[in-house]
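Since the structure comes first, as structure tokens, the remarks are kept for the end.
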Amino acid sequence: MECVKQLVQLTQEKERLEAELKLTGQKINEVIPQVEEFFIQSGLDELRVFGRKVRPVEEIWAKIADKQAAIEALEAAGLTEYIKPAGKSYNSQSVSAFVRECVNQGEDLPESFAGVIEINRVPKIKVTA
């Protein structure tokens, strides 16, 4: 019987912690715009607070509106390795990695991508040790 009580107590504790984590995540999301504005206004690239490095970063992703048009654009660019074997889909993570590689190397995206696969720049705030 003790093990059953322990299970219930641990389950309740887990539920409490999950609710607390969700609330903390919401609070983080509420303060992020203020932190972004702080970095814009201050001109700082990073800041150390409580032993943590806080800095704005930009994540780069492929923005794709039409799946079939994206497959055709990948084929036209000779990037068939990103198309899944059935030919009806593509690996979005790999396409985003390709887009990031182009951006990081200062290269333009293939012409066939125009209006189909675009660069999506997403500002983020990173907090690291």
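Residues in the structure tokens are numbered from 1 in each chain, the chains being A, B, ... in the order shown, and ligands are numbered from 1 in the order shown.
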
Requested in this report: From a DSSP calculation on the backbone, collect every residue of chain A in strand (DSSP E or B) and output the set as a PyMOL selection string.
Outcome: chain A and resi 47-49+52-64+83+90+117-128

Report task. For atom CA of Lys14 of chain A and atom CA of Ile125 of chain A, quote the distance in Å rounded to one decimal. Result ->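 These two atoms are separated by 28.0 Å.
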
Report task. Return the single residue from A:Leu47, A:Val99, A:Val8, A:Met1 that is closest to Glu118 of chain A, with distances computed using only C-alpha atoms. Result -> A:Val99

**Report entry** 9 Å contact set for Phe98 of chain A, only C-alpha atoms, chain neighbours under 5 positions out, as number ranges by chain
**Finding:** A: 62, 93, 103

Write the residues of the preceding selection, restricted to N, CA and C atoms, as an mmCIF file, in the first residue's frame.
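Dumped everything to part-v6.cif:
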data_model
loop_
_atom_site.group_PDB
_atom_site.id
_atom_site.type_symbol
_atom_site.label_atom_id
_atom_site.label_comp_id
_atom_site.auth_asym_id
_atom_site.auth_seq_id
_atom_site.Cartn_x
_atom_site.Cartn_y
_atom_site.Cartn_z
ATOM 1 N N ALA A 62 13.638 27.748 -43.392
ATOM 2 C CA ALA A 62 13.006 27.829 -44.708
ATOM 3 C C ALA A 62 11.524 28.110 -44.487
ATOM 4 N N GLN A 93 13.505 19.975 -42.211
ATOM 5 C CA GLN A 93 14.701 20.300 -41.435
ATOM 6 C C GLN A 93 15.916 20.417 -42.348
ATOM 7 N N VAL A 103 22.715 31.250 -46.421
ATOM 8 C CA VAL A 103 22.793 32.542 -45.734
ATOM 9 C C VAL A 103 24.162 32.711 -45.077
#

Query raised in the report: Excluding same-chain residues fewer than 2 positions from Phe39 of chain A, what lies within 12 Å of it counting only C-alpha atoms, as an NGL selection string?
Result: :A and (32-37 or 41-47 or 54-57 or 123-125)

Would you mind exporting all heavy atoms of the selected residues as a short mmCIF file (atom, residue, chain, number, x, y, z; two decimals), in the first residue's frame?
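Okay, this is what ended up in selection-v2.cif:
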data_model
loop_
_atom_site.label_atom_id
_atom_site.label_comp_id
_atom_site.auth_asym_id
_atom_site.auth_seq_id
_atom_site.Cartn_x
_atom_site.Cartn_y
_atom_site.Cartn_z
N ILE A 32 10.27 38.43 -22.89
CA ILE A 32 11.16 38.40 -24.06
C ILE A 32 11.08 39.70 -24.88
O ILE A 32 12.13 40.25 -25.23
CB ILE A 32 10.88 37.16 -24.94
CG1 ILE A 32 11.35 35.90 -24.22
CG2 ILE A 32 11.52 37.29 -26.31
CD1 ILE A 32 12.85 35.71 -24.13
N PRO A 33 9.89 40.22 -25.22
CA PRO A 33 9.87 41.46 -26.01
C PRO A 33 10.59 42.62 -25.31
O PRO A 33 11.24 43.43 -25.97
CB PRO A 33 8.37 41.76 -26.17
CG PRO A 33 7.71 40.43 -26.03
CD PRO A 33 8.55 39.68 -25.02
N GLN A 34 10.50 42.69 -24.00
CA GLN A 34 11.20 43.74 -23.26
C GLN A 34 12.71 43.55 -23.35
O GLN A 34 13.46 44.53 -23.48
CB GLN A 34 10.76 43.74 -21.80
CG GLN A 34 9.30 44.05 -21.60
CD GLN A 34 8.83 43.73 -20.19
OE1 GLN A 34 9.60 43.88 -19.24
NE2 GLN A 34 7.60 43.30 -20.05
N VAL A 35 13.16 42.31 -23.28
CA VAL A 35 14.59 42.02 -23.38
C VAL A 35 15.09 42.33 -24.79
O VAL A 35 16.16 42.93 -24.95
CB VAL A 35 14.88 40.55 -23.00
CG1 VAL A 35 16.35 40.20 -23.22
CG2 VAL A 35 14.49 40.29 -21.54
N GLU A 36 14.30 41.97 -25.79
CA GLU A 36 14.68 42.30 -27.18
C GLU A 36 14.82 43.81 -27.34
O GLU A 36 15.80 44.29 -27.93
CB GLU A 36 13.63 41.76 -28.16
CG GLU A 36 13.63 40.27 -28.29
CD GLU A 36 12.48 39.73 -29.11
OE1 GLU A 36 11.42 40.38 -29.21
OE2 GLU A 36 12.61 38.62 -29.64
N GLU A 37 13.88 44.55 -26.81
CA GLU A 37 13.92 46.02 -26.90
C GLU A 37 15.13 46.56 -26.14
O GLU A 37 15.79 47.49 -26.60
CB GLU A 37 12.62 46.62 -26.34
CG GLU A 37 12.53 48.11 -26.50
CD GLU A 37 12.57 48.58 -27.96
OE1 GLU A 37 12.15 47.85 -28.86
OE2 GLU A 37 13.04 49.73 -28.18
N GLN A 41 17.91 48.96 -27.83
CA GLN A 41 18.19 50.29 -27.28
C GLN A 41 19.63 50.42 -26.77
O GLN A 41 20.25 51.46 -26.96
CB GLN A 41 17.21 50.61 -26.15
CG GLN A 41 15.77 50.73 -26.59
CD GLN A 41 15.54 51.87 -27.56
OE1 GLN A 41 16.12 52.93 -27.44
NE2 GLN A 41 14.68 51.63 -28.54
N SER A 42 20.15 49.37 -26.15
CA SER A 42 21.48 49.46 -25.54
C SER A 42 22.60 49.27 -26.55
O SER A 42 23.73 49.71 -26.33
CB SER A 42 21.63 48.41 -24.44
OG SER A 42 21.68 47.10 -25.00
N GLY A 43 22.30 48.59 -27.66
CA GLY A 43 23.33 48.31 -28.65
C GLY A 43 24.30 47.21 -28.22
O GLY A 43 25.30 46.96 -28.90
N LEU A 44 24.01 46.55 -27.12
CA LEU A 44 24.88 45.48 -26.64
C LEU A 44 24.66 44.20 -27.46
O LEU A 44 23.55 43.93 -27.92
CB LEU A 44 24.59 45.18 -25.16
CG LEU A 44 24.92 46.28 -24.17
CD1 LEU A 44 24.39 45.93 -22.78
CD2 LEU A 44 26.43 46.50 -24.12
N ASP A 45 25.74 43.42 -27.60
CA ASP A 45 25.65 42.13 -28.29
C ASP A 45 25.29 41.01 -27.32
O ASP A 45 24.70 40.01 -27.71
CB ASP A 45 26.97 41.78 -28.97
CG ASP A 45 27.27 42.72 -30.12
OD1 ASP A 45 26.32 43.24 -30.73
OD2 ASP A 45 28.47 42.92 -30.41
N GLU A 46 25.73 41.17 -26.07
CA GLU A 46 25.45 40.17 -25.04
C GLU A 46 25.64 40.81 -23.68
O GLU A 46 26.22 41.89 -23.56
CB GLU A 46 26.33 38.93 -25.19
CG GLU A 46 27.80 39.19 -24.96
CD GLU A 46 28.64 37.93 -25.13
OE1 GLU A 46 28.53 37.27 -26.17
OE2 GLU A 46 29.41 37.63 -24.20
N LEU A 47 25.16 40.10 -22.68
CA LEU A 47 25.24 40.60 -21.31
C LEU A 47 25.33 39.40 -20.37
O LEU A 47 24.69 38.39 -20.61
CB LEU A 47 23.96 41.41 -21.01
CG LEU A 47 23.88 42.23 -19.75
CD1 LEU A 47 24.94 43.32 -19.72
CD2 LEU A 47 22.51 42.86 -19.64
N VAL A 54 23.36 36.26 -21.79
CA VAL A 54 22.10 36.55 -22.46
C VAL A 54 22.43 37.32 -23.73
O VAL A 54 23.19 38.29 -23.69
CB VAL A 54 21.17 37.41 -21.56
CG1 VAL A 54 19.84 37.66 -22.25
CG2 VAL A 54 20.98 36.76 -20.20
N ARG A 55 21.90 36.84 -24.85
CA ARG A 55 22.22 37.51 -26.12
C ARG A 55 21.10 37.29 -27.13
O ARG A 55 20.44 36.25 -27.14
CB ARG A 55 23.54 37.01 -26.67
CG ARG A 55 23.56 35.55 -27.01
CD ARG A 55 24.98 35.07 -27.36
NE ARG A 55 24.98 33.64 -27.51
CZ ARG A 55 24.87 33.01 -28.67
NH1 ARG A 55 24.77 33.67 -29.78
NH2 ARG A 55 24.87 31.68 -28.72
N PRO A 56 20.91 38.28 -27.98
CA PRO A 56 19.94 38.09 -29.07
C PRO A 56 20.59 37.27 -30.19
O PRO A 56 21.79 37.42 -30.47
CB PRO A 56 19.66 39.52 -29.53
CG PRO A 56 20.86 40.31 -29.13
CD PRO A 56 21.44 39.63 -27.93
N VAL A 57 19.83 36.38 -30.77
CA VAL A 57 20.29 35.59 -31.90
C VAL A 57 19.19 35.59 -32.96
O VAL A 57 18.06 35.97 -32.69
CB VAL A 57 20.64 34.13 -31.50
CG1 VAL A 57 21.80 34.10 -30.52
CG2 VAL A 57 19.44 33.41 -30.93
N PRO A 123 13.91 36.21 -34.72
CA PRO A 123 14.74 36.68 -33.61
C PRO A 123 14.43 35.92 -32.34
O PRO A 123 13.27 35.62 -32.05
CB PRO A 123 14.35 38.16 -33.49
CG PRO A 123 12.99 38.26 -34.09
CD PRO A 123 12.89 37.16 -35.11
N LYS A 124 15.47 35.60 -31.59
CA LYS A 124 15.33 34.88 -30.32
C LYS A 124 16.28 35.49 -29.30
O LYS A 124 17.23 36.16 -29.65
CB LYS A 124 15.71 33.40 -30.49
CG LYS A 124 14.86 32.61 -31.45
CD LYS A 124 13.61 32.14 -30.80
CE LYS A 124 12.83 31.25 -31.77
NZ LYS A 124 11.66 30.73 -31.21
N ILE A 125 16.00 35.22 -28.04
CA ILE A 125 16.91 35.57 -26.97
C ILE A 125 17.42 34.27 -26.38
O ILE A 125 16.64 33.41 -25.98
CB ILE A 125 16.21 36.42 -25.87
CG1 ILE A 125 15.71 37.75 -26.43
CG2 ILE A 125 17.15 36.63 -24.70
CD1 ILE A 125 16.79 38.71 -26.87
#
